[in-house]
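Participant: Shown below is the structure under consideration.
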Amino acid sequence: MQHIFGILPNIAKSNSTVLLLGESGTGKELVARAVHNLSGRRNRPLVAVNCGALPDTLLESELFGYKAGAFTDAKRDKPGYFARAEKGTIFLDEIGDISPALQVKLLRVLQEKTYEPLGATSSVKADVRVIAATNKDLEAMVREEKFRNDLYYRLNVIQLKLPPLRERKEDIPLLA
């Protein structure tokens, strides 16, 4: 962890995408918050999204927002998490749980820096730093064709592996 803490300021200076790997409870969100707080985006929002907690159809509208009339009961425009994180950071926790369809849309955001709210007729520019995290083995998921290789490549610009808590018992009180 001391090594990770030592390189966090340099990681924060960059706008590169960060992939945090580690078992549940190892402090991935705390590391994401530290990267954001050390970055030039620190005065802008940090939006944390638990991708595994929302059904796929809801996750898409939450990430990208929607326009009035996009679906039943969409009476007014709603900005998504990417819009709320504009000029800041979005933390996509449990990224390994998103569906193949959503992987394609997220890939577009990472490649083109644009996204399309549901029901929109034009794309929206995104100036957002992406930090993603998972406790899954994404490399194995890529080999098994359960996770897109091109998305993994885009997420894995800077990778930090957090050691399990059983190897750093002294951190448990801090995380609790």
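Residues are named by chain letter and number: chains run A, B, ... in the order of the structure tokens, numbers start at 1 in each chain, and ligands are numbered from 1 in the order shown.
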When you look at range 125-128 of chain A with a cut-off of 6 Å (counting only C-alpha atoms), what residues show up, excluding the ones that are within fewer than 5 positions of it in the same chain? I need them as a count of residues only.
Facilitator: 6
Participant: Among the residues of chain A, find those DSSP assigns to helix (DSSP H, G or I) from the backbone and print them as a ChimeraX atom specification.
Facilitator: /A:2-13,28-38,56-64,81-84,95-97,100-112,138-143,149-155,165-167,169-175
Participant: Using only C-alpha atoms, determine which residues lie at most 10 Å from Pro79 in chain A, disregarding the query and same-chain residues fewer than 6 positions distant; provide the list as a list in words.
Facilitator: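 Residues meeting the cut-off are Ser61, Glu62, Leu63, Phe64, Gly65, Tyr66, Lys67 and Pro117 of chain A.
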Participant: With only C-alpha atoms as the basis for distance, which of A:Ala53, A:Leu155, A:Leu92, A:Leu160 is at the shortest distance from Phe5 in chain A?
Facilitator: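 Among the listed residues, A:Leu160 lies closest to Phe5 in chain A.
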Participant: Using only C-alpha atoms, find the one residue out of A:Leu162, A:Ala140, A:Leu106, A:Val35 that sits nearest to Gln2 in chain A.
Facilitator: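 Nearest candidate to Gln2 in chain A out of A:Leu162, A:Ala140, A:Leu106, A:Val35: A:Leu162.
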Participant: To one decimal place in Å, what is the distance between CA of Arg44 in chain A and CA of Arg129 in chain A?
Facilitator: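 That distance, rounded to one decimal, is 10.9 Å.
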Participant: Rounded to one decimal in Å, what is the spacing between CA of Pro164 in chain A and CA of Asn135 in chain A?
Facilitator: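 Interatomic distance, CA of Pro164 in chain A to CA of Asn135 in chain A: 10.5 Å.
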Participant: Select from range 93-137 of chain A every residue with an atom at most 7 Å from any atom of range 8-31 of chain A, then for each give the shortest pair of atoms and their distance in Å to one decimal, using only C-alpha atoms, rows by chain and rising number, as a Markdown table.
Facilitator:
| residue | atom | partner | partner_atom | distance |
| --- | --- | --- | --- | --- |
| A:Arg129 | CA | A:Asn15 | CA | 6.0 |
| A:Val130 | CA | A:Thr17 | CA | 5.1 |
| A:Ile131 | CA | A:Val18 | CA | 4.7 |
| A:Ala132 | CA | A:Leu19 | CA | 4.9 |
| A:Ala133 | CA | A:Leu20 | CA | 4.5 |
| A:Thr134 | CA | A:Leu21 | CA | 5.4 |
| A:Asn135 | CA | A:Glu23 | CA | 4.8 |
Participant: Dump N, CA, C and O atoms for the selected residues as a PDB file, in the first residue's frame?
Facilitator:
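Listed below is the output, again_1.pdb:
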ATOM      1  N   ARG A 129     -13.063  12.296 -16.167  1.00  0.00           N
ATOM      2  CA  ARG A 129     -12.046  11.275 -15.924  1.00  0.00           C
ATOM      3  C   ARG A 129     -12.750  10.031 -15.409  1.00  0.00           C
ATOM      4  O   ARG A 129     -13.600  10.110 -14.533  1.00  0.00           O
ATOM      5  N   VAL A 130     -12.381   8.878 -15.939  1.00  0.00           N
ATOM      6  CA  VAL A 130     -13.008   7.618 -15.546  1.00  0.00           C
ATOM      7  C   VAL A 130     -12.045   6.816 -14.686  1.00  0.00           C
ATOM      8  O   VAL A 130     -10.890   6.584 -15.065  1.00  0.00           O
ATOM      9  N   ILE A 131     -12.551   6.413 -13.519  1.00  0.00           N
ATOM     10  CA  ILE A 131     -11.861   5.458 -12.662  1.00  0.00           C
ATOM     11  C   ILE A 131     -12.820   4.291 -12.506  1.00  0.00           C
ATOM     12  O   ILE A 131     -13.982   4.486 -12.134  1.00  0.00           O
ATOM     13  N   ALA A 132     -12.373   3.099 -12.846  1.00  0.00           N
ATOM     14  CA  ALA A 132     -13.222   1.911 -12.765  1.00  0.00           C
ATOM     15  C   ALA A 132     -12.613   0.935 -11.772  1.00  0.00           C
ATOM     16  O   ALA A 132     -11.400   0.944 -11.539  1.00  0.00           O
ATOM     17  N   ALA A 133     -13.449   0.093 -11.196  1.00  0.00           N
ATOM     18  CA  ALA A 133     -12.969  -0.879 -10.216  1.00  0.00           C
ATOM     19  C   ALA A 133     -13.755  -2.173 -10.347  1.00  0.00           C
ATOM     20  O   ALA A 133     -14.915  -2.176 -10.766  1.00  0.00           O
ATOM     21  N   THR A 134     -13.093  -3.253  -9.982  1.00  0.00           N
ATOM     22  CA  THR A 134     -13.758  -4.555  -9.978  1.00  0.00           C
ATOM     23  C   THR A 134     -13.005  -5.516  -9.069  1.00  0.00           C
ATOM     24  O   THR A 134     -11.811  -5.353  -8.823  1.00  0.00           O
ATOM     25  N   ASN A 135     -13.746  -6.503  -8.593  1.00  0.00           N
ATOM     26  CA  ASN A 135     -13.123  -7.596  -7.860  1.00  0.00           C
ATOM     27  C   ASN A 135     -13.050  -8.842  -8.733  1.00  0.00           C
ATOM     28  O   ASN A 135     -12.638  -9.893  -8.282  1.00  0.00           O
TER      29      ASN A 135
END
Participant: Please identify all polymer residues within 9 Å of Asn50 in chain A, counting only C-alpha atoms, omitting same-chain residues fewer than 3 positions from it, and present them as a PyMOL selection string.
Facilitator: chain A and resi 53-54+91-95
Participant: Those residues with N, CA, C and O atoms, as a compact mmCIF listing (two decimals), in the first residue's frame please?
Facilitator:
# COMPACT_ATOMS: atom_id res chain seq x y z
N ALA A 53 -25.20 -2.81 -8.82
CA ALA A 53 -26.40 -2.68 -7.99
C ALA A 53 -27.64 -2.33 -8.79
O ALA A 53 -28.75 -2.40 -8.26
N LEU A 54 -27.47 -1.93 -10.05
CA LEU A 54 -28.61 -1.50 -10.85
C LEU A 54 -28.84 -2.44 -12.03
O LEU A 54 -27.89 -2.89 -12.66
N PHE A 91 -16.57 7.41 -10.93
CA PHE A 91 -16.03 6.17 -10.41
C PHE A 91 -17.03 5.07 -10.70
O PHE A 91 -18.14 5.07 -10.16
N LEU A 92 -16.66 4.16 -11.58
CA LEU A 92 -17.53 3.05 -11.99
C LEU A 92 -17.12 1.80 -11.23
O LEU A 92 -16.20 1.08 -11.64
N ASP A 93 -17.78 1.54 -10.12
CA ASP A 93 -17.48 0.39 -9.29
C ASP A 93 -18.18 -0.84 -9.85
O ASP A 93 -19.26 -0.75 -10.42
N GLU A 94 -17.56 -2.00 -9.68
CA GLU A 94 -18.09 -3.28 -10.18
C GLU A 94 -18.30 -3.25 -11.69
O GLU A 94 -19.31 -3.70 -12.21
N ILE A 95 -17.32 -2.72 -12.40
CA ILE A 95 -17.38 -2.59 -13.85
C ILE A 95 -17.50 -3.95 -14.55
O ILE A 95 -18.04 -4.05 -15.65
Participant: Where in range 25-125 of chain A does DSSP assign strand (DSSP E or B), given as a ChimeraX atom specification?
Facilitator: /A:46-50,66,78,89-93,114-115,118,124-125
Participant: Contacts of Arg84 in chain A at 9 Å or less, counting only C-alpha atoms, minus same-chain residues fewer than 6 places along, as a PyMOL selection string?
Facilitator: chain A and resi 45-47+90
Participant: Next, dump the selected residues to file, keeping only N, CA, C and O atoms, as a PDB file, in the first residue's frame.
Facilitator:
ATOM      1  N   PRO A  45     -17.081  17.652  -9.375  1.00  0.00           N
ATOM      2  CA  PRO A  45     -17.714  16.501  -8.721  1.00  0.00           C
ATOM      3  C   PRO A  45     -16.957  15.177  -8.917  1.00  0.00           C
ATOM      4  O   PRO A  45     -16.312  14.960  -9.942  1.00  0.00           O
ATOM      5  N   LEU A  46     -17.080  14.343  -7.909  1.00  0.00           N
ATOM      6  CA  LEU A  46     -16.728  12.922  -8.014  1.00  0.00           C
ATOM      7  C   LEU A  46     -18.046  12.177  -7.878  1.00  0.00           C
ATOM      8  O   LEU A  46     -18.726  12.292  -6.856  1.00  0.00           O
ATOM      9  N   VAL A  47     -18.429  11.467  -8.924  1.00  0.00           N
ATOM     10  CA  VAL A  47     -19.691  10.734  -8.936  1.00  0.00           C
ATOM     11  C   VAL A  47     -19.374   9.249  -8.890  1.00  0.00           C
ATOM     12  O   VAL A  47     -18.716   8.727  -9.795  1.00  0.00           O
ATOM     13  N   ILE A  90     -15.744  10.280 -12.684  1.00  0.00           N
ATOM     14  CA  ILE A  90     -16.779   9.282 -12.450  1.00  0.00           C
ATOM     15  C   ILE A  90     -16.082   7.997 -12.016  1.00  0.00           C
ATOM     16  O   ILE A  90     -15.092   7.579 -12.619  1.00  0.00           O
TER      17      ILE A  90
END
Participant: When you look at Ala68 in chain A with a cut-off of 10 Å (counting only C-alpha atoms), what residues show up, excluding the ones that are within fewer than 4 positions of it in the same chain? I need them as a PyMOL selection string.
Facilitator: chain A and resi 72-78+118-120
Participant: Would you mind exporting N, CA, C and O atoms of the selected residues as a CSV table (one decimal), in the first residue's frame?
Facilitator:
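The result, stored in part_20.csv:
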chain,number,residue,atom,x,y,z
A,72,THR,N,-42.0,5.7,-21.3
A,72,THR,CA,-43.1,6.0,-20.5
A,72,THR,C,-42.7,6.7,-19.1
A,72,THR,O,-41.7,6.2,-18.5
A,73,ASP,N,-43.3,7.7,-18.7
A,73,ASP,CA,-43.1,8.5,-17.5
A,73,ASP,C,-41.8,9.3,-17.6
A,73,ASP,O,-41.4,9.9,-16.6
A,74,ALA,N,-41.1,9.4,-18.7
A,74,ALA,CA,-40.0,10.4,-18.8
A,74,ALA,C,-40.6,11.7,-19.2
A,74,ALA,O,-40.6,12.1,-20.4
A,75,LYS,N,-41.1,12.4,-18.2
A,75,LYS,CA,-41.8,13.7,-18.5
A,75,LYS,C,-40.9,14.9,-18.7
A,75,LYS,O,-41.3,15.9,-19.2
A,76,ARG,N,-39.6,14.8,-18.2
A,76,ARG,CA,-38.7,15.9,-18.4
A,76,ARG,C,-37.3,15.3,-18.5
A,76,ARG,O,-37.0,14.1,-18.2
A,77,ASP,N,-36.4,16.1,-19.1
A,77,ASP,CA,-35.0,15.6,-19.2
A,77,ASP,C,-34.4,15.3,-17.9
A,77,ASP,O,-34.7,16.0,-16.9
A,78,LYS,N,-33.5,14.3,-17.8
A,78,LYS,CA,-32.8,14.0,-16.6
A,78,LYS,C,-31.3,13.8,-17.0
A,78,LYS,O,-31.0,12.9,-17.8
A,118,LEU,N,-30.6,8.7,-23.6
A,118,LEU,CA,-31.7,8.0,-24.2
A,118,LEU,C,-32.7,9.0,-24.8
A,118,LEU,O,-33.1,10.0,-24.1
A,119,GLY,N,-33.1,8.7,-26.0
A,119,GLY,CA,-34.1,9.6,-26.7
A,119,GLY,C,-33.5,10.9,-27.3
A,119,GLY,O,-34.2,11.6,-27.9
A,120,ALA,N,-32.2,11.0,-27.2
A,120,ALA,CA,-31.6,12.2,-27.8
A,120,ALA,C,-31.3,12.0,-29.3
A,120,ALA,O,-31.2,10.9,-29.7
Participant: Rounded to one decimal in Å, what is the spacing between CA of Gln111 in chain A and CA of Ala34 in chain A?
Facilitator: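 CA of Gln111 in chain A sits 24.9 Å away from CA of Ala34 in chain A.
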Participant: Which residue gives the smallest distance to Arg148 in chain A among A:Thr57, A:Ser123, A:Asn37, A:Gln103, with only C-alpha atoms counted?
Facilitator: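 Residue with the minimum atom-to-atom distance to Arg148 in chain A: A:Gln103.
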Participant: So that I can see what lies close to Ile98 in chain A, please list as number ranges by chain the residues with an atom at most 9 Å from it, counting only C-alpha atoms and leaving out residues fewer than 6 positions away in the same chain.
Facilitator: A: 51-52, 56, 59, 147
Participant: Those residues with N, CA and C atoms, as a CSV table (one decimal), in the first residue's frame please?
Facilitator:
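File written: part-v8.csv
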chain,number,residue,atom,x,y,z
A,51,CYS,N,-22.1,-0.2,-10.4
A,51,CYS,CA,-22.7,-0.7,-11.7
A,51,CYS,C,-23.3,-2.1,-11.4
A,52,GLY,N,-22.9,-2.8,-10.4
A,52,GLY,CA,-23.5,-4.1,-10.1
A,52,GLY,C,-24.9,-4.0,-9.3
A,56,ASP,N,-29.5,-3.5,-15.8
A,56,ASP,CA,-28.8,-2.9,-17.0
A,56,ASP,C,-29.6,-1.8,-17.6
A,59,LEU,N,-29.4,1.2,-15.4
A,59,LEU,CA,-28.0,1.7,-15.4
A,59,LEU,C,-27.7,2.6,-16.6
A,147,PHE,N,-16.2,-10.2,-21.5
A,147,PHE,CA,-15.9,-8.8,-21.4
A,147,PHE,C,-15.1,-8.4,-22.6
Participant: Rank A:Ile172, A:Glu116, A:Val124, A:Pro100 by their smallest atom-to-atom distance to Glu145 in chain A, using only C-alpha atoms, and report the top residue only.
Facilitator: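 Looking at the shortest contact to Glu145 in chain A, the residue is A:Pro100.
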Participant: Measuring atom to atom with only C-alpha atoms, identify which of A:Lys105, A:Arg168, A:Arg154, A:His36 is nearest to Glu60 in chain A.
Facilitator: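 Residue with the minimum atom-to-atom distance to Glu60 in chain A: A:Lys105.
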Participant: Between A:Ala32, A:Arg41, A:Phe82, A:Leu102, single out the one closest to Pro55 in chain A, counting only C-alpha atoms.
Facilitator: A:Leu102
